[in-house]
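Below is one structure; the comments refer to it alone.
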Amino acid sequence: MTSTQLHDRPPRARLAEVATTVPGPTWHALLEADPDAMPTQSPQWLAAVCASGEWEDASRLYRAADGRTALLPLVARTRRPGWAQALASPPVAWGYGGLLCDGAVTADLVAAVLDDVTATHPLRLHVRPNPLHAEAWREALRGRGGLSVRDGCAHVLDLTGGFETVWSQRFKQMTRTQVRRAERMGVEVETDTGGRLVGVLDQLLASSTDRWAEHQHEPRALARWRRTRRDPVSKLRTIADALGEACRVSVAWYDGRPAAAILVLRGRNAHYTRGAMDEELAGRTQANRLLHKVAIEEACAAGCSAYHMGETGGSEGLAQFKSRFGAVAHPYPELWLERLPLHGADQGLRGAVKRVIGFRDV
């Protein structure tokens with residue numbers, strides 16, 4: 001490392017203790033103490049990730065010298081020798097991870113945690129942090145070599161002030177009009193927390209995959225294969241079983257038919273993580289708007305302070321849809337620390353395939 005790199009590196013918090021066993025009460029206390037905590041940082045979510053047997057718990061608990069307690073929910077690939085170990089917080093397509101803390105998540109704390117984890121010399125480390133902590137992670141990465149960073153962008157709706165404030169001051173007038181139209185048309189929203197509606201969501205995801213493939217100029221077979229790898233119905237059922245009441249599948253019904261469905265995780269905050277629709281029926285009834293209005297209202301009633309609307313990337317359509325509920329874009333760094341440039345090679349291969357098939361990211 002050059003002297004310039006050393007000069008550029010941010011300060012490190014002093015860690016008084018590092019533990020690889022996290023007591024359940026400590027984990028739950030941190031979920032309650034951190035105002036930005038997400039459901040995908042819970043032990044129940046980690047159990048869902050590990051249910052397939054491909055990953056195992058490798059979480060690390062930190063006590064800083066200044067009194068803060070922090071937790072990095074972390075999983076490790078099973079059946080890997082130490083020199084080939086892959087760590088993730090969390091794995092790709094499993095939401096957001098990063099630090100939980102009973103104090104501020106600051107750059108010096110993040111930098112110290114990254115130093116600790118990378119000192120275990122994994123072959124690969126992937127972290128997709130809470131977008132609300134983006135600045136701390138971005139600053140902690142300054143001057144650090146051997147990493148790849150993907151610029152992510154997620155939209156988050158501030159729920160402070162309660163639903164009446166969100167409805168009247170953050171929802172756009174057009175969105176309020178569309179919600180009222182759906183209500184007048186008789187669209188009915190049904191929410192289940194026992195997994196009963198997972199099949200309906202999966203069916204809509206399957207049909208939406210074909211539609212997205214057409215829009216993106218992607219072969220239908222390839223799109224279906226990617227979906228079944230990313231979100232097989234078994235994964236959705238595992239999440240429902242592991243999270244129980246915190247996993248909420250809502251379906252908007254019109255004339256006995258499912259027009260749209262969403263999966264919202266709820267804890268200290270709420271996280272809309274999957275959604276799909278019957279394009280013609282949802283477009284005609286504005287079912288999607290009503291689904292989110294109901295989910296946001298319920299999140300406010302449950303005391304959540306934020307409604308995460310998930311990854312937006314560079315999609316102008318998604319950004320516009322989310323912003324009409326008052327959600328604000330939060331750019332954040334998604335990072336890979338690697339001893340071999342696997343992520344760069346993978347991204348290069350994906351880019352080449354997209355160019356060959358004429359893929360359009362919409």
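Quick note on naming: the chains in the structure tokens go A, B, ... in the order shown, residues restart at 1 in each chain, and ligands are numbered from 1 in order of appearance.
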Within 9 Å of His133 (chain A), counting only C-alpha atoms, which residues show up once you throw out same-chain ones fewer than 6 positions away? Write them as a ChimeraX atom specification, please.
/A:36,98-99,105-106,332
Would you mind telling me which residue in A:Ala259, A:Ala19, A:Leu132, A:Ala48 lies nearest to Ala306 (chain A) when using only C-alpha atoms?
A:Leu132
Show me, as a PDB file with C-alpha atoms, in the first residue's frame, the residues that have an atom within 9 Å of Leu15 (chain A) when counting only C-alpha atoms, minus same-chain residues fewer than 2 positions from it.
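Writing done, so here's out_10.pdb:
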ATOM      1  CA  ARG A  12     -10.677   3.220  12.610  1.00  0.00           C
ATOM      2  CA  ALA A  13     -12.780   2.761  15.726  1.00  0.00           C
ATOM      3  CA  GLU A  17     -14.150  -7.268  21.763  1.00  0.00           C
ATOM      4  CA  VAL A  18     -15.052  -9.424  18.760  1.00  0.00           C
ATOM      5  CA  TYR A  62     -18.440  -6.150  18.105  1.00  0.00           C
ATOM      6  CA  ARG A  63     -18.033  -4.050  21.218  1.00  0.00           C
ATOM      7  CA  ALA A  64     -16.259  -0.801  20.492  1.00  0.00           C
ATOM      8  CA  ALA A  65     -14.102   0.987  23.037  1.00  0.00           C
ATOM      9  CA  ASP A  66     -16.544   3.907  23.032  1.00  0.00           C
ATOM     10  CA  LEU A 109     -16.796   1.719  12.912  1.00  0.00           C
ATOM     11  CA  ALA A 112     -12.779  -1.314  11.734  1.00  0.00           C
ATOM     12  CA  VAL A 113     -15.333  -4.049  11.008  1.00  0.00           C
TER      13      VAL A 113
END
So which residues of region 102-333 of chain A fall under helix (DSSP H, G or I) by DSSP, listed as a compact mmCIF listing (two decimals) with C-alpha atoms, in the first residue's frame?
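Now in out06.txt:
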# COMPACT_ATOMS: atom_id res chain seq x y z
CA ALA A 107 -17.28 5.39 8.92
CA ASP A 108 -14.67 4.60 11.60
CA LEU A 109 -16.80 1.72 12.91
CA VAL A 110 -17.47 0.34 9.42
CA ALA A 111 -13.76 0.57 8.57
CA ALA A 112 -12.78 -1.31 11.73
CA VAL A 113 -15.33 -4.05 11.01
CA LEU A 114 -14.12 -4.40 7.42
CA ASP A 115 -10.54 -4.68 8.71
CA ASP A 116 -11.62 -7.47 11.06
CA VAL A 117 -13.58 -9.46 8.48
CA THR A 118 -10.97 -9.17 5.74
CA PRO A 131 -28.93 2.26 1.92
CA LEU A 132 -29.59 4.67 4.81
CA HIS A 133 -26.01 4.05 5.99
CA ALA A 134 -24.52 4.67 2.55
CA GLU A 135 -22.35 7.64 3.52
CA ALA A 136 -20.61 5.75 6.35
CA TRP A 137 -19.83 2.82 4.04
CA ARG A 138 -18.70 5.06 1.20
CA GLU A 139 -16.32 6.94 3.50
CA ALA A 140 -15.02 3.68 5.04
CA PHE A 163 -49.94 7.93 7.67
CA GLU A 164 -52.00 11.11 7.41
CA THR A 165 -48.79 13.10 6.94
CA VAL A 166 -47.43 10.57 4.44
CA TRP A 167 -50.73 10.52 2.52
CA SER A 168 -51.29 14.27 2.38
CA GLN A 169 -47.70 15.55 2.11
CA ARG A 170 -45.61 12.80 0.47
CA GLN A 173 -51.77 14.03 -5.95
CA MET A 174 -51.96 11.69 -8.95
CA THR A 175 -51.16 8.71 -6.71
CA ARG A 176 -53.91 9.65 -4.26
CA THR A 177 -56.32 9.91 -7.21
CA GLN A 178 -55.26 6.48 -8.50
CA VAL A 179 -55.70 4.91 -5.07
CA ARG A 180 -59.20 6.33 -4.78
CA ARG A 181 -60.02 5.02 -8.25
CA ALA A 182 -58.98 1.50 -7.24
CA GLU A 183 -61.14 1.74 -4.12
CA ARG A 184 -64.14 2.97 -6.12
CA MET A 185 -63.75 0.13 -8.60
CA VAL A 198 -47.26 -17.31 -1.73
CA GLY A 199 -48.53 -19.39 -4.64
CA VAL A 200 -50.50 -16.45 -6.02
CA LEU A 201 -47.43 -14.22 -5.82
CA ASP A 202 -45.33 -16.89 -7.52
CA GLN A 203 -47.83 -17.25 -10.38
CA LEU A 204 -47.80 -13.49 -10.99
CA LEU A 205 -44.00 -13.44 -10.81
CA ALA A 206 -43.89 -16.19 -13.43
CA SER A 207 -46.16 -14.35 -15.85
CA SER A 208 -44.38 -11.06 -15.18
CA THR A 209 -41.03 -12.70 -15.98
CA ASP A 210 -42.24 -13.45 -19.51
CA ARG A 211 -43.42 -9.85 -19.92
CA TRP A 212 -40.15 -8.42 -18.60
CA ALA A 213 -38.20 -10.71 -20.93
CA GLU A 214 -40.08 -9.32 -23.91
CA HIS A 215 -39.52 -5.71 -22.82
CA ARG A 220 -37.87 -16.20 -22.42
CA ALA A 221 -36.12 -19.43 -21.45
CA LEU A 222 -33.15 -17.48 -20.06
CA ALA A 223 -35.42 -15.14 -18.08
CA ARG A 224 -37.34 -18.08 -16.59
CA TRP A 225 -34.10 -19.83 -15.66
CA ARG A 226 -32.80 -16.69 -13.93
CA ARG A 227 -36.02 -16.30 -11.96
CA THR A 228 -36.10 -19.88 -10.75
CA ARG A 229 -32.49 -19.54 -9.62
CA ARG A 230 -33.10 -16.22 -7.91
CA VAL A 233 -41.21 -20.76 -4.93
CA SER A 234 -39.41 -22.88 -2.32
CA LYS A 235 -37.42 -19.78 -1.31
CA LEU A 236 -40.59 -17.72 -0.92
CA ARG A 237 -42.16 -20.45 1.23
CA THR A 238 -39.01 -20.71 3.34
CA ILE A 239 -39.12 -16.95 3.99
CA ALA A 240 -42.79 -17.16 4.97
CA ASP A 241 -42.10 -20.06 7.35
CA ALA A 242 -39.03 -18.44 8.93
CA LEU A 243 -40.44 -14.94 9.41
CA GLY A 244 -44.04 -15.75 10.29
CA GLU A 245 -45.97 -12.57 11.07
CA ALA A 246 -43.10 -10.45 9.73
CA GLU A 279 -50.30 -5.80 -16.46
CA GLU A 280 -53.66 -5.31 -18.17
CA LEU A 281 -55.78 -5.81 -15.06
CA ALA A 282 -53.52 -3.83 -12.74
CA GLY A 283 -53.24 -1.00 -15.25
CA ARG A 284 -56.99 -0.76 -15.57
CA THR A 285 -57.70 -0.90 -11.82
CA ALA A 287 -54.28 -2.20 -8.07
CA ASN A 288 -50.54 -1.68 -7.47
CA ARG A 289 -51.11 1.79 -6.02
CA LEU A 290 -53.75 0.50 -3.65
CA LEU A 291 -51.52 -2.39 -2.54
CA HIS A 292 -48.72 -0.03 -1.54
CA LYS A 293 -51.11 2.44 0.07
CA VAL A 294 -52.45 -0.33 2.31
CA ALA A 295 -48.95 -1.67 3.11
CA ILE A 296 -47.67 1.82 3.94
CA GLU A 297 -50.69 2.57 6.12
CA GLU A 298 -50.20 -0.71 8.00
CA ALA A 299 -46.47 -0.02 8.42
CA CYS A 300 -47.29 3.39 9.92
CA ALA A 301 -49.79 1.80 12.29
CA GLU A 316 -36.43 5.57 -14.76
CA GLY A 317 -39.81 3.83 -14.71
CA LEU A 318 -39.23 2.29 -11.30
CA ALA A 319 -37.81 5.52 -9.92
CA GLN A 320 -40.85 7.44 -11.09
CA PHE A 321 -43.27 4.88 -9.66
CA LYS A 322 -41.61 4.91 -6.24
CA SER A 323 -41.15 8.67 -6.08
Enumerate, as JSON, numbers by chain, the complete set of residues in region 207-330 of chain A that a backbone-based DSSP assignment places in strand (DSSP E).
{"A": [247, 248, 249, 250, 251, 252, 253, 254, 257, 258, 259, 260, 261, 262, 263, 264, 265, 266, 270, 271, 272, 273, 274, 275, 276, 277, 306, 307, 308, 309, 310, 311, 328, 329, 330]}
Who sits within 6 Å of Val127 (chain A), only C-alpha atoms, same chain under 6 positions skipped, as a list in words
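Once the nearby chain positions are removed, what remains is Ala88, Ser89 and Leu335 of chain A.
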As a VMD selection string, please: the residues near region 263-275 of chain A (cut-off 7 Å, only C-alpha atoms, same-chain neighbours under 5 positions excluded).
chain A and resid 31 to 32 37 to 39 246 to 250 299 304 to 310
Give me, as CSV, each residue of region 92-142 of chain A that comes within 12 Å of region 77-82 of chain A, together with its shortest interatomic pair and the distance in Å at one decimal, counting only C-alpha atoms, with rows ordered by chain and rising residue number.
residue,atom,partner,partner_atom,distance
A:Thr120,CA,A:Gly82,CA,8.8
A:His121,CA,A:Gly82,CA,8.3
A:Pro122,CA,A:Gly82,CA,7.2
A:Leu123,CA,A:Gly82,CA,8.4
A:Arg124,CA,A:Arg77,CA,10.2
A:Leu125,CA,A:Arg77,CA,10.7
A:His126,CA,A:Arg77,CA,11.8
What gap, in Å, lies between CA of His155 (chain A) and CA of Ala327 (chain A)?
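Going from CA of His155 (chain A) over to CA of Ala327 (chain A) covers 5.5 Å.
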Distance query Ala29 (chain A) at most 9 Å, only C-alpha atoms, self and fewer than 5 positions along chain excluded, as an mmCIF file with all heavy atoms, in the first residue's frame:
data_model
loop_
_atom_site.group_PDB
_atom_site.id
_atom_site.type_symbol
_atom_site.label_atom_id
_atom_site.label_comp_id
_atom_site.auth_asym_id
_atom_site.auth_seq_id
_atom_site.Cartn_x
_atom_site.Cartn_y
_atom_site.Cartn_z
ATOM 1 N N GLY A 24 -29.117 -14.660 21.153
ATOM 2 C CA GLY A 24 -30.387 -14.198 20.607
ATOM 3 C C GLY A 24 -30.878 -12.903 21.229
ATOM 4 O O GLY A 24 -31.287 -11.977 20.498
ATOM 5 N N ASP A 34 -31.550 -0.027 16.946
ATOM 6 C CA ASP A 34 -31.125 0.656 15.729
ATOM 7 C C ASP A 34 -32.361 1.175 14.990
ATOM 8 O O ASP A 34 -33.160 0.388 14.484
ATOM 9 C CB ASP A 34 -30.353 -0.322 14.836
ATOM 10 C CG ASP A 34 -29.678 0.370 13.648
ATOM 11 O OD1 ASP A 34 -30.198 1.411 13.193
ATOM 12 O OD2 ASP A 34 -28.655 -0.133 13.172
ATOM 13 N N ASP A 102 -26.255 -0.110 18.261
ATOM 14 C CA ASP A 102 -27.052 0.600 19.260
ATOM 15 C C ASP A 102 -26.614 2.066 19.386
ATOM 16 O O ASP A 102 -27.090 2.792 20.249
ATOM 17 C CB ASP A 102 -26.987 -0.094 20.617
ATOM 18 C CG ASP A 102 -25.576 -0.216 21.171
ATOM 19 O OD1 ASP A 102 -24.633 0.293 20.525
ATOM 20 O OD2 ASP A 102 -25.413 -0.823 22.239
#
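The smallest atom-to-atom distance between Ala84 (chain A) and any of A:Glu338, A:Leu30, A:Gly314, A:Arg60, using only C-alpha atoms, is found for A:Glu338.
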